[in-house]
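Below: model39.txt (compact mmCIF, C-alpha atoms)
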# COMPACT_ATOMS: atom_id res chain seq x y z
CA MET A 1458 1.89 24.24 38.98
CA ASP A 1459 2.47 25.88 35.61
CA ILE A 1460 5.25 24.55 33.39
CA ASP A 1461 7.59 27.10 31.85
CA ALA A 1462 9.51 25.12 29.23
CA ALA A 1463 12.35 27.65 29.23
CA SER A 1464 12.91 27.12 32.97
CA ILE A 1465 13.18 23.31 32.84
CA PRO A 1466 16.72 22.28 33.84
CA ASP A 1467 18.58 19.99 31.48
CA PRO A 1468 17.89 16.44 32.71
CA LEU A 1469 20.30 13.56 32.86
CA LYS A 1470 20.54 11.98 29.40
CA LEU A 1471 22.53 8.83 28.70
CA GLY A 1472 22.68 5.98 26.20
CA LYS A 1473 21.11 5.44 22.81
CA GLY A 1474 18.12 3.59 21.46
CA PRO A 1475 14.40 3.93 22.22
CA GLY A 1476 13.55 6.56 24.83
CA LEU A 1477 13.16 5.72 28.51
CA LEU A 1478 11.95 8.45 30.88
CA LEU A 1479 12.55 7.98 34.62
CA ALA A 1480 10.19 9.24 37.34
CA HIS A 1481 11.74 9.09 40.81
CA GLY A 1482 10.14 8.88 44.24
CA ALA A 1483 9.08 11.62 46.64
CA GLY A 1484 11.78 13.05 48.89
CA SER A 1485 14.34 11.62 46.49
CA ASP A 1486 16.05 12.39 43.19
CA ILE A 1487 17.12 10.49 40.09
CA GLN A 1488 20.44 9.32 41.47
CA ASP A 1489 18.92 8.20 44.77
CA SER A 1490 16.06 6.27 43.15
CA TYR A 1491 17.81 4.91 40.05
CA GLY A 1492 21.57 5.58 40.30
CA PRO A 1493 22.88 1.98 40.53
CA ILE A 1494 21.00 0.85 37.39
CA ILE A 1495 21.11 3.88 35.08
CA GLU A 1496 24.08 2.62 33.06
CA ARG A 1497 22.43 -0.78 32.61
CA LEU A 1498 19.27 0.88 31.33
CA ALA A 1499 21.32 3.12 29.03
CA ALA A 1500 22.72 0.01 27.35
CA VAL A 1501 19.32 -0.57 25.70
CA SER A 1502 17.68 2.87 25.85
CA THR A 1503 18.18 6.60 25.64
CA VAL A 1504 17.61 7.34 29.31
CA VAL A 1505 16.23 10.74 30.34
CA GLY A 1506 16.20 11.36 34.09
CA PRO A 1507 14.83 14.69 35.29
CA ASP A 1508 14.68 15.62 38.96
CA PHE A 1509 11.20 16.60 40.10
CA PRO A 1510 10.58 20.20 41.19
CA GLY A 1511 12.23 20.61 44.57
CA SER A 1512 14.85 17.93 43.95
CA GLY A 1513 18.35 18.19 42.52
CA ASN A 1514 18.83 21.37 40.52
CA CYS A 1515 15.12 21.92 39.85
CA PRO A 1516 13.58 24.67 41.99
CA LEU A 1517 10.09 24.56 43.42
CA PRO A 1518 7.54 26.51 41.37
CA GLN A 1519 5.02 28.98 42.70
CA GLY A 1520 1.99 27.23 44.15
CA ARG A 1521 1.58 23.66 45.31
CA LEU A 1522 2.78 20.70 43.31
CA THR A 1523 0.08 18.75 41.49
CA LEU A 1524 0.05 15.35 39.85
CA ASP A 1525 -1.00 16.78 36.48
CA GLY A 1526 1.64 19.48 36.61
CA THR A 1527 4.38 17.04 37.62
CA ALA A 1528 3.37 14.62 34.84
CA ASP A 1529 3.49 17.45 32.29
CA TYR A 1530 6.86 18.58 33.65
CA LEU A 1531 8.21 15.03 33.30
CA VAL A 1532 7.15 14.78 29.66
CA ALA A 1533 8.37 18.30 28.86
CA SER A 1534 11.80 17.37 30.26
CA ALA A 1535 12.10 14.48 27.80
CA VAL A 1536 11.02 16.65 24.88
CA ARG A 1537 13.54 19.31 25.96
CA ALA A 1538 16.21 16.60 25.86
CA GLY A 1539 15.23 15.76 22.27
CA VAL A 1540 13.40 12.51 23.04
CA GLU A 1541 9.92 12.70 21.52
CA SER A 1542 8.57 9.26 22.47
CA PHE A 1543 9.50 6.99 25.35
CA ALA A 1544 8.59 4.32 27.84
CA ILE A 1545 8.26 5.64 31.39
CA SER A 1546 9.71 3.92 34.44
CA GLY A 1547 8.15 5.16 37.66
CA PHE A 1548 9.43 4.34 41.14
CA SER A 1549 7.27 4.78 44.27
CA MET A 1550 5.37 8.10 43.86
CA GLY A 1551 6.85 8.23 40.36
CA THR A 1552 4.51 5.39 39.36
CA ALA A 1553 1.46 7.63 39.80
CA VAL A 1554 3.25 10.38 37.87
CA ALA A 1555 4.04 7.89 35.10
CA VAL A 1556 0.44 6.68 34.87
CA ARG A 1557 -0.89 10.23 34.70
CA ALA A 1558 1.72 11.16 32.06
CA ALA A 1559 0.59 8.18 29.96
CA THR A 1560 -3.05 9.28 30.09
CA ARG A 1561 -2.29 12.96 29.42
CA HIS A 1562 0.28 12.31 26.67
CA PRO A 1563 -0.66 8.96 25.11
CA GLU A 1564 0.88 9.86 21.76
CA ARG A 1565 4.35 9.93 23.35
CA VAL A 1566 4.30 6.94 25.72
CA THR A 1567 5.25 3.48 24.43
CA GLY A 1568 5.23 1.50 27.67
CA LEU A 1569 5.17 1.69 31.47
CA ILE A 1570 7.29 0.12 34.21
CA LEU A 1571 5.79 0.66 37.66
CA SER A 1572 8.07 -0.33 40.56
CA SER A 1573 7.20 -0.14 44.27
CA GLY A 1574 4.12 1.71 43.15
CA PHE A 1575 0.56 2.58 44.09
CA ALA A 1576 -2.63 3.94 42.55
CA TYR A 1577 -3.71 5.85 45.66
CA PRO A 1578 -2.46 6.01 49.26
CA ASN A 1579 -4.51 3.67 51.42
CA SER A 1580 -4.74 4.17 55.20
CA ARG A 1581 -1.42 2.48 55.93
CA LEU A 1582 0.50 4.41 53.29
CA ARG A 1583 -1.04 7.67 54.50
CA LEU A 1584 0.17 6.85 58.02
CA VAL A 1585 3.70 6.26 56.69
CA ILE A 1586 3.72 9.58 54.84
CA ASP A 1587 2.09 11.57 57.66
CA THR A 1588 4.68 10.25 60.13
CA TRP A 1589 7.51 11.07 57.69
CA ARG A 1590 6.29 14.66 57.31
CA ALA A 1591 5.74 15.12 61.05
CA LEU A 1592 9.22 13.87 61.92
CA ALA A 1593 10.73 16.08 59.21
CA ARG A 1594 9.21 19.14 60.85
CA ASP A 1595 11.20 18.36 64.01
CA THR A 1596 14.38 19.90 62.65
CA GLY A 1597 16.08 19.69 66.04
CA ASN A 1598 16.35 15.91 65.85
CA PRO A 1599 17.04 14.76 62.28
CA ARG A 1600 18.27 11.37 63.50
CA THR A 1601 14.74 10.36 64.53
CA LEU A 1602 13.49 10.82 60.97
CA ALA A 1603 16.61 9.09 59.61
CA SER A 1604 16.01 6.08 61.86
CA TYR A 1605 12.35 5.91 60.87
CA LEU A 1606 13.18 6.04 57.15
CA SER A 1607 15.85 3.37 57.59
CA LEU A 1608 13.25 1.10 59.18
CA VAL A 1609 10.60 1.50 56.47
CA VAL A 1610 12.78 1.86 53.36
CA GLY A 1611 14.86 -1.26 53.95
CA GLY A 1612 13.37 -4.73 53.81
CA PRO A 1613 13.40 -6.50 57.22
CA GLN A 1614 15.64 -9.34 56.01
CA TRP A 1615 18.08 -6.94 54.33
CA LEU A 1616 18.18 -4.67 57.40
CA ASP A 1617 18.65 -7.62 59.77
CA ALA A 1618 21.78 -8.56 57.80
CA ARG A 1619 23.42 -5.12 58.12
CA THR A 1620 26.28 -4.55 60.54
CA PRO A 1621 25.96 -1.74 63.10
CA GLU A 1622 28.42 0.25 61.01
CA GLU A 1623 26.34 -0.20 57.86
CA VAL A 1624 23.16 0.85 59.66
CA GLU A 1625 24.91 3.89 61.06
CA GLU A 1626 26.10 4.81 57.56
CA GLN A 1627 22.54 4.66 56.25
CA VAL A 1628 21.17 6.69 59.17
CA ALA A 1629 23.89 9.29 58.59
CA LEU A 1630 22.92 9.47 54.92
CA PHE A 1631 19.27 10.17 55.76
CA SER A 1632 20.32 12.59 58.51
CA ALA A 1633 22.20 14.68 55.95
CA GLY A 1634 18.84 15.99 54.81
CA MET A 1635 16.05 15.64 52.28
CA PRO A 1636 15.64 17.61 49.04
CA VAL A 1637 14.30 21.12 49.65
CA GLY A 1638 11.01 20.12 48.03
CA ALA A 1639 10.51 16.90 49.98
CA ASP A 1640 7.52 18.11 51.98
CA ALA A 1641 5.88 19.63 48.89
CA GLN A 1642 6.33 16.31 47.08
CA LEU A 1643 4.99 14.32 50.02
CA ALA A 1644 2.00 16.68 50.24
CA MET A 1645 0.96 15.41 46.79
CA PHE A 1646 -0.08 12.14 48.45
CA ASP A 1647 -3.12 13.98 49.79
CA HIS A 1648 -4.45 14.27 46.24
CA ILE A 1649 -3.02 11.33 44.28
CA ASP A 1650 -5.58 8.88 42.93
CA VAL A 1651 -5.02 7.31 39.50
CA ARG A 1652 -7.46 4.40 39.84
CA GLU A 1653 -9.64 5.75 37.04
CA ASP A 1654 -6.57 6.21 34.82
CA LEU A 1655 -5.49 2.58 35.10
CA ARG A 1656 -8.24 1.02 33.00
CA THR A 1657 -7.50 3.44 30.14
CA ILE A 1658 -3.83 2.41 29.81
CA THR A 1659 -3.28 0.72 26.44
CA VAL A 1660 0.52 0.43 26.30
CA PRO A 1661 2.45 -2.64 27.52
CA THR A 1662 2.95 -2.39 31.27
CA LEU A 1663 5.28 -4.14 33.70
CA VAL A 1664 4.53 -3.94 37.43
CA ILE A 1665 7.46 -4.78 39.73
CA SER A 1666 6.50 -5.62 43.30
CA PRO A 1667 9.08 -5.91 46.12
CA LEU A 1668 7.69 -8.59 48.43
CA ALA A 1669 9.14 -7.04 51.62
CA ASP A 1670 8.11 -3.46 50.81
CA LEU A 1671 6.94 -1.74 54.01
CA ILE A 1672 5.99 1.56 52.34
CA THR A 1673 4.06 0.55 49.24
CA THR A 1674 3.17 -2.99 50.21
CA PRO A 1675 2.54 -5.72 47.59
CA LEU A 1676 -1.19 -5.03 47.84
CA HIS A 1677 -0.62 -1.82 45.86
CA SER A 1678 1.29 -3.55 43.07
CA ARG A 1679 -1.41 -6.20 42.74
CA GLU A 1680 -4.01 -3.46 42.38
CA LEU A 1681 -1.98 -1.83 39.62
CA ALA A 1682 -1.49 -5.12 37.77
CA ASP A 1683 -5.12 -6.17 38.13
CA SER A 1684 -6.46 -2.81 36.95
CA ILE A 1685 -4.25 -2.17 33.90
CA PRO A 1686 -5.27 -4.27 30.88
CA HIS A 1687 -2.71 -6.99 30.07
CA ALA A 1688 -0.21 -5.78 32.69
CA GLU A 1689 2.56 -8.19 33.70
CA LEU A 1690 3.45 -8.56 37.39
CA VAL A 1691 6.87 -9.70 38.60
CA THR A 1692 8.09 -9.87 42.20
CA LEU A 1693 11.47 -9.23 43.79
CA ASP A 1694 12.63 -10.45 47.18
CA CYS A 1695 13.51 -7.09 48.73
CA GLY A 1696 12.19 -3.97 50.41
CA HIS A 1697 11.17 -0.61 49.01
CA ALA A 1698 14.68 0.54 48.06
CA ILE A 1699 15.15 -1.83 45.12
CA ALA A 1700 18.18 0.02 43.77
CA THR A 1701 20.02 -0.65 47.04
CA GLU A 1702 18.91 -4.21 47.73
CA ARG A 1703 18.39 -5.83 44.31
CA PRO A 1704 19.82 -3.56 41.59
CA GLU A 1705 20.86 -6.39 39.27
CA ALA A 1706 17.50 -8.18 39.43
CA TRP A 1707 15.67 -4.88 38.95
CA ALA A 1708 17.78 -3.93 35.94
CA ASN A 1709 17.34 -7.40 34.44
CA ALA A 1710 13.54 -7.25 34.71
CA MET A 1711 13.42 -3.77 33.24
CA THR A 1712 15.79 -4.36 30.34
CA LYS A 1713 14.06 -7.62 29.42
CA PHE A 1714 10.75 -5.76 29.22
CA LEU A 1715 12.19 -2.77 27.37
CA THR A 1716 13.70 -4.91 24.61
CA THR A 1717 10.24 -6.35 23.83
CA LEU A 1718 8.51 -2.99 23.40
CA PRO A 1719 7.41 -1.93 19.94
CA LEU A 1720 8.87 1.24 18.52
CA ALA A 1721 6.65 4.32 18.50
CA GLY A 1722 3.90 3.88 15.93
CA GLU A 1723 4.12 0.07 15.84
CA PRO A 1724 1.28 -2.04 17.29
CA ALA A 1725 1.92 -3.69 20.67
CA SER A 1726 1.95 -7.48 20.41
CA ASN A 1727 0.15 -8.01 23.72
CA GLN A 1728 -2.81 -5.83 22.87
CA PRO A 1729 -6.03 -7.30 21.39
Would you mind giving the structure from this file in structure tokens?
Amino acid sequence: MDIDAASIPDPLKLGKGPGLLLAHGAGSDIQDSYGPIIERLAAVSTVVGPDFPGSGNCPLPQGRLTLDGTADYLVASAVRAGVESFAISGFSMGTAVAVRAATRHPERVTGLILSSGFAYPNSRLRLVIDTWRALARDTGNPRTLASYLSLVVGGPQWLDARTPEEVEEQVALFSAGMPVGADAQLAMFDHIDVREDLRTITVPTLVISPLADLITTPLHSRELADSIPHAELVTLDCGHAIATERPEAWANAMTKFLTTLPLAGEPASNQP
């Protein structure tokens, strides 16, 4: 996937202060992954939130999506918005994009926040993604995919507490359709593996692990935290969709971390 800077759509940009670049999940967009907490983040940062190719107003490029190309696109979006250095917050697949962006553009990245993330898709995660893609191909029955996504995206305790009307509302939301590039984004899971990148990360890193995550289970977050030097791990009592279940706790953890980051060019206090 080649990046044409002139073709990059203007990303969401909000707030003032040190830069914060958002990387959303596959089959999602910025508002879906981060919407409930964007204003909170903008209170301490200049937030830049591009949609990945195939989501929002960003068209799919020629050729398949790649991790390197998506990471470069993410960084180019921030530069286009006038933000030259930034922390990166990645959610779900966006965590792998964030890690790769940090290794390809280390001069721009000041910190990482990796939420509901993974370094590579293990057998269980591959099964989740393969089932998602297979159900999406059955265009005659979108409710089946919507029901499946409702089951895996929501934490069991949170979903148990929903009324039938609330569950139906969520199923209807998923039934309305995925971004046009959802399958192309999900196909990236076949090639994502940032395990070698993790040990080279030198910026402060916060890993946020939802304890009831059925998509990227806590095992993945522990691997990220154990493999990145000096990474901090915090847990939240929720499922994969943190912005829906625990937006306040998520925003609090992120803003607390962001306010401790050094400015670009300053040494990080937690590095040797």
Within 12 Å of region 1689-1694 of chain A, counting only C-alpha atoms, which residues show up once you throw out same-chain ones fewer than 4 positions away? Write them as a PyMOL selection string, please.
-> chain A and resi 1568-1574+1611-1615+1660-1670+1674-1685+1698-1700+1702-1711+1713-1714+1727
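Picture a line from CA of Ile1649 (chain A) to CA of Tyr1577 (chain A); it runs 5.7 Å.
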From the list A:Ala1480, A:Leu1718, A:Ile1586, A:Leu1469, the nearest residue to Asp1529 (chain A) using only C-alpha atoms is A:Ala1480
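For the pair CA of Phe1631 (chain A) and CA of Phe1509 (chain A), the interatomic distance is 18.8 Å.
Using all atoms listed in the file, the nearest neighbour of Thr1701 (chain A) within the list A:Pro1599, A:Gly1492, A:Pro1719, A:Pro1563 is A:Gly1492.
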Shortest contact to Gly1547 (chain A), candidates A:Val1609, A:Leu1522, A:Ile1487, A:Val1585, atoms counted all atoms listed in the file, goes to A:Ile1487
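Here CA of Ala1535 (chain A) is placed at a distance of 17.4 Å from CA of Ala1553 (chain A).
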* To do: For Gln1488 (chain A), work out the shell of residues within 9 Å, counting all atoms listed in the file and skipping chain neighbours fewer than 4 positions away, then give it as a list in words.
  => His1481, Gly1492, Pro1493, Ile1495, Gly1506 and Asp1508 of chain A
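Nearest-residue note for Ala1644 (chain A): choosing from A:Arg1537, A:Leu1524, A:Val1566, A:Pro1686, the minimum distance belongs to A:Leu1524, counting only C-alpha atoms.
Within 8 Å of region 1510-1517 of chain A there are Ile1465, Pro1466, Gly1484, Ser1485, Asp1486, Thr1527, Pro1636, Val1637, Gly1638, Ala1639, Ala1641 and Gln1642 of chain A, counting only C-alpha atoms and ignoring same-chain residues fewer than 5 positions away.
Using only C-alpha atoms, the smallest distance between any of A:Ala1603, A:His1562, A:Val1610, A:Phe1543 and Glu1625 (chain A) comes from A:Ala1603.
Using only C-alpha atoms, the shortest contact distance between Ala1555 (chain A) and any of A:Gly1597, A:Pro1468, A:Gly1526, A:Gly1474 is found at A:Gly1526.
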